[in-house]
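Text of input32.tsv, listed as TSV, C-alpha atoms:
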chain	number	residue	atom	x	y	z
F	109	MET	CA	13.24	39.16	142.93
F	110	THR	CA	12.95	38.37	139.21
F	111	GLU	CA	15.35	35.64	138.10
F	112	ARG	CA	18.09	37.12	135.94
F	113	ALA	CA	18.32	35.91	132.34
F	114	LYS	CA	21.33	33.88	131.26
F	115	PRO	CA	24.24	35.96	129.92
F	116	LEU	CA	23.67	35.06	126.27
F	117	ALA	CA	19.87	34.84	126.33
F	118	GLY	CA	18.48	36.21	123.08
F	119	LEU	CA	21.54	35.30	121.01
F	120	ARG	CA	20.53	33.12	118.04
F	121	VAL	CA	23.28	30.91	116.59
F	122	LEU	CA	23.04	28.80	113.44
F	123	ASP	CA	25.58	26.01	113.89
F	124	LEU	CA	26.83	24.12	110.84
F	125	THR	CA	29.81	22.53	112.59
F	126	ARG	CA	30.41	18.88	113.41
F	127	LEU	CA	32.75	16.52	115.24
F	128	LEU	CA	34.68	18.28	118.05
F	129	PRO	CA	35.92	21.90	117.69
F	130	GLY	CA	32.80	23.74	116.53
F	131	PRO	CA	30.31	21.72	118.60
F	132	VAL	CA	32.31	22.42	121.77
F	133	ALA	CA	32.38	26.13	120.91
F	134	THR	CA	28.64	26.27	120.33
F	135	GLN	CA	27.95	24.19	123.43
F	136	HIS	CA	29.68	26.90	125.48
F	137	LEU	CA	27.33	29.43	123.87
F	138	ALA	CA	24.30	27.23	124.50
F	139	ASP	CA	25.28	26.64	128.13
F	140	LEU	CA	25.35	30.43	128.58
F	141	GLY	CA	21.83	30.75	127.24
F	142	ALA	CA	22.23	31.23	123.49
F	143	ASP	CA	19.66	29.57	121.25
F	144	VAL	CA	21.93	27.28	119.24
F	145	VAL	CA	20.31	25.60	116.24
F	146	LYS	CA	22.40	22.63	115.14
F	147	ILE	CA	21.88	22.21	111.40
F	148	GLU	CA	22.75	18.83	109.88
F	149	ASP	CA	22.32	17.44	106.41
F	150	THR	CA	19.49	15.03	105.64
F	151	GLY	CA	21.89	12.11	105.25
F	152	GLU	CA	24.37	11.02	107.88
F	153	GLY	CA	24.46	14.39	109.58
F	154	ASP	CA	27.15	14.99	112.18
F	155	TYR	CA	29.09	11.75	112.03
F	156	ALA	CA	30.10	12.19	115.65
F	157	ARG	CA	26.67	10.70	116.36
F	158	SER	CA	27.89	7.23	115.43
F	159	MET	CA	31.54	7.35	116.54
F	160	GLY	CA	32.08	4.53	119.02
F	161	ALA	CA	28.38	3.79	119.30
F	162	ARG	CA	26.48	0.60	118.64
F	163	PRO	CA	24.18	0.58	115.56
F	164	GLY	CA	21.07	2.67	116.16
F	165	GLU	CA	22.49	4.41	119.21
F	166	THR	CA	23.97	7.86	119.72
F	167	SER	CA	27.57	7.99	120.86
F	168	ALA	CA	28.62	9.29	124.26
F	169	PHE	CA	31.01	11.60	122.39
F	170	PHE	CA	28.12	13.32	120.58
F	171	LYS	CA	26.09	13.66	123.77
F	172	LEU	CA	29.00	15.26	125.61
F	173	VAL	CA	29.40	18.14	123.13
F	174	ASN	CA	25.87	18.89	121.90
F	175	ARG	CA	23.70	19.50	124.96
F	176	ASN	CA	21.41	22.52	125.29
F	177	LYS	CA	20.99	22.79	121.50
F	178	ARG	CA	18.05	22.42	119.15
F	179	ALA	CA	18.37	20.46	115.89
F	180	LEU	CA	17.23	21.00	112.33
F	181	ARG	CA	17.91	18.82	109.29
F	182	LEU	CA	18.39	20.75	106.07
F	183	ASP	CA	19.67	19.85	102.61
F	184	LEU	CA	21.85	22.79	101.61
F	185	LYS	CA	22.70	21.20	98.25
F	186	GLN	CA	19.22	22.01	97.02
F	187	PRO	CA	18.11	25.57	96.22
F	188	GLU	CA	15.08	25.28	98.48
F	189	GLY	CA	17.33	24.28	101.37
F	190	VAL	CA	19.55	27.29	100.72
F	191	ALA	CA	16.45	29.51	100.67
F	192	VAL	CA	15.36	28.12	104.05
F	193	PHE	CA	18.80	28.78	105.51
F	194	GLN	CA	18.83	32.32	104.15
F	195	ARG	CA	15.47	32.92	105.78
F	196	LEU	CA	16.74	31.62	109.09
F	197	THR	CA	19.68	34.03	109.00
F	198	LEU	CA	17.30	37.00	109.02
F	199	SER	CA	16.67	36.40	112.74
F	200	ALA	CA	20.13	35.04	113.56
F	201	ASP	CA	23.01	36.82	115.24
F	202	VAL	CA	25.72	34.29	114.40
F	203	VAL	CA	26.48	31.68	111.76
F	204	ILE	CA	29.34	29.34	112.63
F	205	GLU	CA	30.77	26.82	110.19
F	206	GLY	CA	33.72	24.48	109.86
F	207	PHE	CA	33.88	23.58	106.17
F	208	ARG	CA	36.91	24.03	103.96
F	209	PRO	CA	37.37	27.59	102.72
F	210	GLY	CA	35.05	28.40	99.82
F	211	VAL	CA	32.40	25.74	100.49
F	212	MET	CA	29.89	28.19	101.99
F	213	ASP	CA	30.39	30.56	99.05
F	214	LYS	CA	29.75	27.74	96.58
F	215	LEU	CA	26.51	26.93	98.40
F	216	GLY	CA	25.45	30.57	98.10
F	217	ILE	CA	25.55	31.21	101.83
F	218	GLY	CA	29.00	32.70	102.33
F	219	TYR	CA	29.55	35.82	104.42
F	220	ASP	CA	29.09	38.35	101.60
F	221	ALA	CA	25.80	36.81	100.49
F	222	LEU	CA	24.37	36.55	103.99
F	223	ALA	CA	25.56	40.01	105.05
F	224	GLU	CA	23.42	41.49	102.26
F	225	LEU	CA	20.39	39.86	103.89
F	226	ASN	CA	21.38	40.61	107.49
F	227	PRO	CA	24.10	43.27	107.83
F	228	ARG	CA	24.50	42.68	111.59
F	229	LEU	CA	25.29	38.99	111.12
F	230	VAL	CA	28.51	37.61	112.60
F	231	PHE	CA	29.90	34.85	110.42
F	232	CYS	CA	32.53	32.64	112.09
F	233	SER	CA	34.62	30.16	110.10
F	234	ILE	CA	36.74	27.55	111.88
F	235	SER	CA	39.33	25.76	109.77
F	236	GLY	CA	42.68	24.08	110.08
F	237	TYR	CA	44.79	26.66	108.30
F	238	GLY	CA	42.52	29.67	107.76
F	239	GLN	CA	40.64	31.14	104.84
F	240	ASP	CA	43.79	32.11	102.94
F	241	GLY	CA	47.46	31.19	102.63
F	242	PRO	CA	49.13	28.32	100.75
F	243	TYR	CA	47.71	25.63	103.07
F	244	ALA	CA	44.12	26.89	103.14
F	245	GLN	CA	42.69	23.99	101.14
F	246	ARG	CA	44.69	21.25	102.85
F	247	ALA	CA	43.02	18.63	105.00
F	248	GLY	CA	44.27	18.26	108.55
F	249	HIS	CA	43.63	17.12	112.09
F	250	ASP	CA	44.83	18.15	115.53
F	251	ILE	CA	48.16	16.34	115.16
F	252	ASN	CA	48.90	18.31	111.97
F	253	TYR	CA	48.00	21.68	113.46
F	254	ILE	CA	50.13	21.29	116.58
F	255	GLY	CA	52.91	19.92	114.40
F	256	TYR	CA	53.02	23.04	112.22
F	257	ALA	CA	52.75	25.31	115.29
F	258	GLY	CA	55.98	24.01	116.85
F	259	VAL	CA	54.13	22.51	119.82
F	260	LEU	CA	54.12	18.78	119.04
F	261	ASP	CA	57.91	18.92	118.80
F	262	GLN	CA	58.00	19.94	122.48
F	263	ILE	CA	55.86	17.08	123.82
F	264	GLY	CA	57.71	13.96	124.96
F	265	ALA	CA	60.59	12.69	127.05
F	266	ALA	CA	64.19	13.77	126.58
F	267	GLY	CA	65.86	11.67	123.91
F	268	GLY	CA	62.54	10.26	122.72
F	269	PRO	CA	60.21	11.07	119.82
F	270	PRO	CA	57.33	13.56	119.96
F	271	VAL	CA	54.37	12.10	121.87
F	272	VAL	CA	50.77	12.54	120.71
F	273	PRO	CA	48.65	13.83	123.62
F	274	ASN	CA	45.16	12.47	124.27
F	275	PHE	CA	43.97	16.04	124.59
F	276	GLN	CA	43.27	17.80	121.34
F	277	ILE	CA	45.18	21.06	121.77
F	278	GLY	CA	44.46	22.38	118.28
F	279	ASP	CA	40.81	21.33	118.26
F	280	LEU	CA	39.99	22.61	121.74
F	281	LEU	CA	42.27	25.59	122.28
F	282	GLY	CA	42.27	26.50	118.61
F	283	GLY	CA	38.86	25.40	117.35
F	284	ALA	CA	36.61	25.64	120.40
F	285	LEU	CA	37.88	28.45	122.63
F	286	ALA	CA	39.70	30.83	120.29
F	287	PRO	CA	36.65	31.33	118.03
F	288	LEU	CA	34.56	32.43	121.00
F	289	VAL	CA	36.84	35.40	121.66
F	290	GLY	CA	36.55	36.73	118.12
F	291	LEU	CA	32.90	35.78	117.74
F	292	LEU	CA	31.71	37.44	120.96
F	293	ALA	CA	33.83	40.53	120.26
F	294	ALA	CA	32.14	40.80	116.86
F	295	VAL	CA	28.70	40.31	118.44
F	296	ILE	CA	29.31	43.14	120.91
F	297	ASP	CA	30.45	45.37	118.05
F	298	ALA	CA	27.48	44.40	115.87
F	299	ARG	CA	25.04	45.28	118.63
F	300	ALA	CA	26.67	48.68	119.02
F	301	THR	CA	27.05	49.50	115.32
F	302	GLY	CA	24.56	47.33	113.45
F	303	HIS	CA	27.37	45.86	111.36
F	304	GLY	CA	28.59	42.29	111.69
F	305	ARG	CA	31.95	40.84	110.76
F	306	GLN	CA	33.53	37.72	109.34
F	307	VAL	CA	35.60	35.91	111.96
F	308	ASP	CA	38.34	33.71	110.47
F	309	VAL	CA	39.90	31.30	112.97
F	310	ALA	CA	42.64	28.85	111.97
F	311	MET	CA	43.37	26.16	114.52
F	312	THR	CA	47.06	26.22	113.57
F	313	ASP	CA	47.17	29.98	114.17
F	314	ALA	CA	45.52	29.65	117.56
F	315	VAL	CA	48.01	27.06	118.80
F	316	PHE	CA	50.94	29.02	117.40
F	317	ALA	CA	49.69	32.20	119.07
F	318	HIS	CA	49.97	30.47	122.45
F	319	ALA	CA	53.35	28.79	121.93
F	320	VAL	CA	54.86	31.20	124.42
F	321	PHE	CA	57.31	28.90	126.19
F	322	PRO	CA	58.68	27.22	123.07
F	323	LEU	CA	59.36	30.69	121.65
F	324	ALA	CA	60.85	31.93	124.93
F	325	GLY	CA	63.15	28.91	124.94
F	326	LEU	CA	64.19	29.59	121.36
F	327	LEU	CA	64.99	33.21	122.12
F	328	ALA	CA	66.98	32.30	125.21
F	329	ARG	CA	69.09	29.64	123.46
F	330	LEU	CA	69.04	30.85	119.86
F	331	ALA	CA	68.08	27.24	119.14
F	332	PRO	CA	64.87	25.21	119.54
F	333	PRO	CA	64.31	24.09	123.14
F	334	PRO	CA	65.28	20.44	123.65
F	335	ARG	CA	62.31	18.11	123.94
F	336	GLY	CA	61.71	16.99	127.52
F	337	ALA	CA	64.64	19.02	128.81
F	338	ASP	CA	63.39	22.58	129.13
F	339	LEU	CA	62.23	24.29	132.32
F	340	LEU	CA	58.59	23.18	132.04
F	341	SER	CA	59.07	19.94	130.11
F	342	GLY	CA	61.13	17.87	132.52
F	343	GLY	CA	64.57	19.43	132.38
F	344	VAL	CA	64.83	20.37	136.06
F	345	PRO	CA	64.21	18.36	139.26
F	346	CYS	CA	61.53	20.69	140.66
F	347	TYR	CA	59.09	20.32	137.76
F	348	GLY	CA	58.25	16.87	136.51
F	349	VAL	CA	56.45	13.57	136.97
F	350	TYR	CA	57.74	10.86	139.30
F	351	ALA	CA	56.66	7.22	139.43
F	352	THR	CA	55.46	5.65	142.67
F	353	ALA	CA	55.88	2.11	143.95
F	354	ASP	CA	52.55	0.96	142.51
F	355	GLY	CA	53.19	2.27	139.00
F	356	ARG	CA	51.22	5.47	139.52
F	357	HIS	CA	52.71	8.97	139.41
F	358	MET	CA	53.02	12.22	141.32
F	359	ALA	CA	53.25	15.64	139.66
F	360	VAL	CA	55.90	17.87	141.19
F	361	GLY	CA	55.49	21.56	140.38
F	362	ALA	CA	57.73	23.12	143.03
F	363	LEU	CA	59.11	25.88	140.80
F	364	GLU	CA	59.45	28.47	143.54
F	365	LYS	CA	62.44	28.03	145.85
F	366	LYS	CA	60.26	28.01	148.98
F	367	PHE	CA	58.18	25.13	147.62
F	368	TRP	CA	61.24	23.15	146.53
F	369	GLU	CA	62.88	23.51	149.92
F	370	LEU	CA	59.68	22.46	151.69
F	371	LEU	CA	59.49	19.42	149.40
F	372	CYS	CA	63.08	18.47	150.21
F	373	ASP	CA	62.46	18.84	153.95
F	374	THR	CA	59.27	16.78	153.72
F	375	LEU	CA	61.13	13.95	151.99
F	376	GLY	CA	64.09	14.17	154.36
F	377	ARG	CA	66.39	15.15	151.50
F	378	ALA	CA	67.68	18.59	152.49
F	379	ASP	CA	70.82	17.73	150.48
F	380	LEU	CA	68.81	18.26	147.26
F	381	LYS	CA	67.98	21.89	147.99
F	382	PRO	CA	70.89	23.36	145.94
F	383	PHE	CA	69.65	21.60	142.79
F	384	HIS	CA	66.28	23.32	142.56
F	385	LEU	CA	66.71	24.55	138.94
F	386	ALA	CA	69.75	22.51	138.01
F	387	PHE	CA	70.11	21.38	134.39
F	388	GLY	CA	72.70	18.96	133.05
F	389	ALA	CA	74.45	16.25	135.05
F	390	LYS	CA	73.69	17.73	138.48
F	391	GLY	CA	70.03	18.13	137.62
F	392	GLU	CA	69.83	14.57	136.29
F	393	GLN	CA	71.36	13.19	139.47
F	394	ALA	CA	68.90	15.16	141.61
F	395	LYS	CA	66.02	13.85	139.51
F	396	GLN	CA	67.25	10.28	139.95
F	397	ASP	CA	67.54	10.77	143.71
F	398	LEU	CA	64.03	12.22	143.88
F	399	ALA	CA	62.69	9.43	141.68
F	400	ALA	CA	64.16	6.83	144.04
F	401	VAL	CA	62.36	8.40	147.00
F	402	PHE	CA	58.97	8.48	145.27
F	403	ALA	CA	59.44	4.93	144.01
F	404	GLY	CA	59.69	3.72	147.60
F	405	GLN	CA	55.98	4.18	148.41
F	406	PRO	CA	52.64	3.83	146.58
F	407	GLN	CA	50.74	6.85	145.32
F	408	SER	CA	48.24	6.70	148.19
F	409	HIS	CA	51.07	7.20	150.67
F	410	TRP	CA	52.32	10.30	148.89
F	411	ILE	CA	48.80	11.72	148.57
F	412	GLY	CA	48.48	11.44	152.34
F	413	VAL	CA	51.82	13.13	152.86
F	414	PHE	CA	51.38	16.03	150.46
F	415	ASP	CA	47.76	16.74	151.26
F	416	GLN	CA	49.25	18.18	154.46
F	417	VAL	CA	52.12	20.06	152.79
F	418	ASP	CA	51.50	23.01	150.50
F	419	CYS	CA	54.35	22.72	147.99
F	420	CYS	CA	52.66	21.94	144.64
F	421	VAL	CA	52.96	18.15	144.72
F	422	THR	CA	49.81	16.36	143.61
F	423	PRO	CA	48.71	12.97	142.26
F	424	VAL	CA	48.36	12.23	138.57
F	425	LEU	CA	44.74	11.07	138.37
F	426	HIS	CA	43.02	9.11	135.62
F	427	ILE	CA	39.77	10.54	134.28
F	428	GLY	CA	37.57	8.32	136.44
F	429	GLU	CA	39.34	9.57	139.56
F	430	ALA	CA	39.08	13.16	138.35
F	431	LEU	CA	35.30	12.76	138.09
F	432	ASP	CA	35.25	11.85	141.80
F	433	ASN	CA	37.81	14.43	142.92
F	434	GLU	CA	36.55	16.44	145.89
F	435	GLN	CA	37.68	19.79	144.49
F	436	LEU	CA	36.08	19.27	141.08
F	437	GLN	CA	32.94	17.95	142.76
F	438	ALA	CA	32.80	20.97	145.07
F	439	ARG	CA	33.11	23.26	142.06
F	440	GLY	CA	30.14	21.57	140.38
F	441	MET	CA	32.26	20.44	137.46
F	442	VAL	CA	30.50	17.09	137.07
F	443	VAL	CA	26.80	16.85	136.28
F	444	GLU	CA	24.62	13.90	135.30
F	445	ALA	CA	22.52	14.09	132.14
F	446	ASP	CA	21.55	11.85	129.25
F	447	GLY	CA	22.60	8.87	131.39
F	448	LEU	CA	26.19	10.14	131.44
F	449	PRO	CA	28.48	12.16	133.67
F	450	GLN	CA	29.04	15.43	131.84
F	451	LEU	CA	31.64	18.16	132.21
F	452	ALA	CA	30.25	21.51	133.33
F	453	PRO	CA	31.46	24.83	131.86
F	454	PRO	CA	34.76	26.05	133.31
F	455	TYR	CA	33.50	29.52	134.24
F	456	LYS	CA	31.43	30.66	137.23
F	457	LEU	CA	29.34	33.80	136.80
F	458	SER	CA	27.41	35.58	139.51
F	459	GLU	CA	23.63	35.19	139.27
F	460	TYR	CA	24.04	32.35	136.81
F	461	ASP	CA	23.52	28.68	137.54
F	462	PHE	CA	24.51	26.20	134.87
F	463	VAL	CA	21.85	23.63	134.03
F	464	ILE	CA	21.39	21.14	131.23
F	465	GLU	CA	17.96	22.04	129.92
F	466	ARG	CA	18.17	19.92	126.79
F	467	SER	CA	19.92	16.65	126.13
F	468	ALA	CA	21.86	16.37	122.88
F	469	PRO	CA	19.14	16.46	120.22
F	470	ALA	CA	18.07	13.72	117.84
F	471	PRO	CA	18.57	14.52	114.13
F	472	GLY	CA	16.09	17.21	113.15
F	473	GLN	CA	14.32	16.96	116.50
F	474	HIS	CA	13.21	20.60	116.53
F	475	SER	CA	12.76	21.17	112.79
F	476	GLU	CA	9.09	22.10	112.92
F	477	GLU	CA	9.30	24.55	115.80
F	478	ILE	CA	12.37	26.26	114.31
F	479	LEU	CA	10.68	26.65	110.93
F	480	HIS	CA	7.46	27.88	112.56
F	481	GLU	CA	9.51	30.56	114.31
F	482	ALA	CA	10.90	31.60	110.92
F	483	GLY	CA	7.38	32.05	109.55
F	484	PHE	CA	6.85	28.76	107.70
F	485	ASP	CA	3.30	27.39	107.97
F	486	GLU	CA	2.31	23.73	108.11
F	487	ASN	CA	1.80	23.45	104.37
F	488	ALA	CA	5.24	24.89	103.65
F	489	ILE	CA	6.85	22.56	106.20
F	490	ASP	CA	5.04	19.53	104.74
F	491	HIS	CA	6.24	20.55	101.28
F	492	LEU	CA	9.84	20.79	102.48
F	493	ARG	CA	9.60	17.41	104.13
F	494	GLN	CA	8.09	15.76	101.04
F	495	ARG	CA	10.87	17.24	98.90
F	496	GLY	CA	13.52	15.90	101.27
F	497	ILE	CA	14.73	19.41	102.11
F	498	ILE	CA	14.28	18.80	105.85

Go through the file and emit its structure as structure tokens.
Amino acid sequence: MTERAKPLAGLRVLDLTRLLPGPVATQHLADLGADVVKIEDTGEGDYARSMGARPGETSAFFKLVNRNKRALRLDLKQPEGVAVFQRLTLSADVVIEGFRPGVMDKLGIGYDALAELNPRLVFCSISGYGQDGPYAQRAGHDINYIGYAGVLDQIGAAGGPPVVPNFQIGDLLGGALAPLVGLLAAVIDARATGHGRQVDVAMTDAVFAHAVFPLAGLLARLAPPPRGADLLSGGVPCYGVYATADGRHMAVGALEKKFWELLCDTLGRADLKPFHLAFGAKGEQAKQDLAAVFAGQPQSHWIGVFDQVDCCVTPVLHIGEALDNEQLQARGMVVEADGLPQLAPPYKLSEYDFVIERSAPAPGQHSEEILHEAGFDENAIDHLRQRGII
């Protein structure tokens, strides 16, 4: 039987993004078989390369979000560099960029200009606040996007300040995953009609569009949900985090009555059953009683207990433990490459096996082969190199 091609085989992507959101998005495409060409300037390039790394070395961060890509260095501030990029778009399906609104137009390679050359091109822009609106030109980072979206306000303990998560909700939900929905929808449409689209993704919009529970809480109370005191943020005994005797924690997610009652029976605290979804003073007392029980034994004890009881009580692992977790290992979620443990894609497709075929590329590592594919001969490539274009 002939081996089936990867789902996105034949999709050519020109990737002008850097740091975290865009590179994660394009890595998903590359993992699925797209030919992703990472285009960096001829200076520092993607400055994720050096973040946290020793001089002369490539950072682990860069390696974790740029596998399975090819690399080209190109100076887009020079007309010859723009001409090279325009030529590359003739055989491309997607251009994805993360500059501030208007930058690509100023360079002469905005959507309108490129669509004249390649009408089926999909042009995806990832930004903090979108291509229009009063904040379009503002700088921002994840903390700003989730702040505007009403999500940061919800993170933290009751009575305390908002807490900054070490998981970039805006960058990853908003800047890495949300663009793929619009981008792939536009690609499907372009293949059917011959006409591409511009895909405008604002990370703030994407977080806001998924703020379902904060909005549900607002509608239920006619006031913003209290931080750390709503149904899914620690306000009820059956859903929260409890410390163990050794300073570790257990995650209790016994939202359904049957799970809560099984938890109470397992802990020998049948008296807590009436307080399943209790708010206020009764709920606080039940939480204190439950906390006292969990604080009586180390995490390993409770893991042993609840591995045998199916009531949504699990350990809070640190990332090193998660890498070794039997379920994640069984799902093939950890792979070794580039001298590092890497995180596999979160989707499983029939007749598709994820592999890392290329390590994260060195700057401009594939420049010659990419330009050859676009029809440049050796003399033209040498000229571009001598001029500092590549």

(request) Can you work out the spacing between CA of Ile498 in chain F and CA of Ser475 in chain F in Å, to one decimal? (result)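 These atoms are spaced 7.5 Å apart.
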
Q: Find the residues with any atom within 8 Å of (19.5, 35.4, 105.4); use only C-alpha atoms and the coordinates as given in the file, and write the answer as a VMD selection string.
A: chain F and resid 193 to 199 222 to 226

Convert the current residue selection to file output with C-alpha atoms, as a compact mmCIF listing (two decimals), in the coordinates of the input.
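Okay, again_34.txt is ready:
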# COMPACT_ATOMS: atom_id res chain seq x y z
CA PHE F 193 18.80 28.78 105.51
CA GLN F 194 18.83 32.32 104.15
CA ARG F 195 15.47 32.92 105.78
CA LEU F 196 16.74 31.62 109.09
CA THR F 197 19.68 34.03 109.00
CA LEU F 198 17.30 37.00 109.02
CA SER F 199 16.67 36.40 112.74
CA LEU F 222 24.37 36.55 103.99
CA ALA F 223 25.56 40.01 105.05
CA GLU F 224 23.42 41.49 102.26
CA LEU F 225 20.39 39.86 103.89
CA ASN F 226 21.38 40.61 107.49

* **Polymer residues at most 10 Å from Asp308 in chain F, all atoms listed in the file, same-chain spacing of 4 or more positions, as a list of chain:residue names** =>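 Final neighbour list, sorted by chain and number: F:Pro209, F:Phe231, F:Cys232, F:Ser233, F:Ile234, F:Ser235, F:Tyr237, F:Gly238, F:Gln239, F:Asp240, F:Pro287, F:Gly290, F:Leu291.
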
What's the 12 Å shell around Leu340 in chain F, counting all atoms listed in the file, without same-chain residues fewer than 2 positions away, as a PDB file with C-alpha atoms, in the coordinates of the input?
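Done, and the output landed in out22.pdb:
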ATOM      1  CA  GLN F 262      58.000  19.940 122.480  1.00  0.00           C
ATOM      2  CA  ILE F 263      55.860  17.080 123.820  1.00  0.00           C
ATOM      3  CA  GLY F 264      57.710  13.960 124.960  1.00  0.00           C
ATOM      4  CA  ALA F 265      60.590  12.690 127.050  1.00  0.00           C
ATOM      5  CA  VAL F 320      54.860  31.200 124.420  1.00  0.00           C
ATOM      6  CA  PHE F 321      57.310  28.900 126.190  1.00  0.00           C
ATOM      7  CA  PRO F 322      58.680  27.220 123.070  1.00  0.00           C
ATOM      8  CA  ALA F 324      60.850  31.930 124.930  1.00  0.00           C
ATOM      9  CA  GLY F 325      63.150  28.910 124.940  1.00  0.00           C
ATOM     10  CA  PRO F 333      64.310  24.090 123.140  1.00  0.00           C
ATOM     11  CA  PRO F 334      65.280  20.440 123.650  1.00  0.00           C
ATOM     12  CA  ARG F 335      62.310  18.110 123.940  1.00  0.00           C
ATOM     13  CA  GLY F 336      61.710  16.990 127.520  1.00  0.00           C
ATOM     14  CA  ALA F 337      64.640  19.020 128.810  1.00  0.00           C
ATOM     15  CA  ASP F 338      63.390  22.580 129.130  1.00  0.00           C
ATOM     16  CA  GLY F 342      61.130  17.870 132.520  1.00  0.00           C
ATOM     17  CA  GLY F 343      64.570  19.430 132.380  1.00  0.00           C
ATOM     18  CA  VAL F 344      64.830  20.370 136.060  1.00  0.00           C
ATOM     19  CA  PRO F 345      64.210  18.360 139.260  1.00  0.00           C
ATOM     20  CA  CYS F 346      61.530  20.690 140.660  1.00  0.00           C
ATOM     21  CA  TYR F 347      59.090  20.320 137.760  1.00  0.00           C
ATOM     22  CA  GLY F 348      58.250  16.870 136.510  1.00  0.00           C
ATOM     23  CA  VAL F 349      56.450  13.570 136.970  1.00  0.00           C
ATOM     24  CA  ALA F 359      53.250  15.640 139.660  1.00  0.00           C
ATOM     25  CA  VAL F 360      55.900  17.870 141.190  1.00  0.00           C
ATOM     26  CA  GLY F 361      55.490  21.560 140.380  1.00  0.00           C
ATOM     27  CA  ALA F 362      57.730  23.120 143.030  1.00  0.00           C
ATOM     28  CA  LEU F 363      59.110  25.880 140.800  1.00  0.00           C
ATOM     29  CA  LEU F 385      66.710  24.550 138.940  1.00  0.00           C
ATOM     30  CA  PHE F 387      70.110  21.380 134.390  1.00  0.00           C
TER      31      PHE F 387
END

Would you list the residues near (54.0, 31.1, 105.2), meaning any protein, DNA or RNA residue with an atom at most 12 Å from that point in file coordinates, counting all atoms listed in the file, as a PyMOL selection string?
chain F and resi 237-238+240-244+256-257+312-313

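Distance check against Tyr155 in chain F using all atoms listed in the file: of F:Gly404, F:Pro471, F:Pro423, F:Gly355, the minimum falls on F:Pro471.
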
Nearest residue to Asp373 in chain F from the set F:Leu128, F:Val417, F:Leu260, F:Met358 (distances using only C-alpha atoms):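 Answer, going by the shortest atom-to-atom distance: F:Val417.
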
**Report entry** Separation of CA of Lys177 in chain F from CA of Arg439 in chain F in Å
**Finding:**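 Atom-to-atom, CA of Arg439 in chain F to CA of Lys177 in chain F, that is 23.9 Å.
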
Top pick for closest residue to Leu122 in chain F, considering F:Leu140, F:Leu339, F:Leu180, F:Leu172 and counting all atoms listed in the file: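 Counting all atoms listed in the file, the residue closest to Leu122 in chain F is F:Leu180.
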
Margin query: If we count only C-alpha atoms and set the cut-off at 9 Å, which residues sit around range 274-280 of chain F, ignoring sequence neighbours fewer than 2 positions away in its own chain? Please answer as a PyMOL selection string.
Written below: chain F and resi 128-130+132-133+236+249-254+272+282-286+311-312+314-315

All file atoms of range 473-481 of chain F boxed axis-aligned, 3 Å per side, centre plus edges, as AutoDock Vina command-line options:
--center_x 10.9 --center_y 23.8 --center_z 113.7 --size_x 12.9 --size_y 19.6 --size_z 11.6

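The shortest atom-to-atom distance to Val259 in chain F, with all atoms listed in the file taken into account, belongs to F:Pro332 out of F:Pro332, F:Gly447, F:Gly304, F:Gly153.
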
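The protein and nucleic acid residues lying at most 12 Å from Leu492 in chain F are Thr150, Arg181, Leu182, Asp183, Gln186, Pro187, Glu188, Gly189, Val190, Ala191, Val192, Ser475, Glu476, Leu479, Phe484, Asp485, Glu486, Asn487, Ala488, Ile489, Asp490, Gln494, Arg495, Gly496, Ile497 and Ile498 of chain F, with only C-alpha atoms considered and sequence neighbours fewer than 2 positions away removed.
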
- Message: Could you tell me how far CA of Lys114 in chain F sits from CA of Gln437 in chain F, in Å to one decimal place?
- Response: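 Computed distance, CA of Gln437 in chain F to CA of Lys114 in chain F, equals 22.8 Å.
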
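Nearest to Ala470 in chain F of all the residues F:Lys456, F:Arg329, F:Arg126, F:Arg175 is F:Arg175, counting all atoms listed in the file.
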
If you count all atoms listed in the file, which residues fall within 8 Å of Gly118 in chain F, apart from same-chain ones fewer than 5 positions away, as a list in words?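 Close residues of Gly118 in chain F: Gly141, Ala142 and Asp143 of chain F.
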
For Thr166 in chain F, which residue out of F:Asp446, F:Gln473, F:Leu326, F:Tyr455 is the nearest one, using all atoms listed in the file?
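Answer, going by the shortest atom-to-atom distance: F:Asp446.
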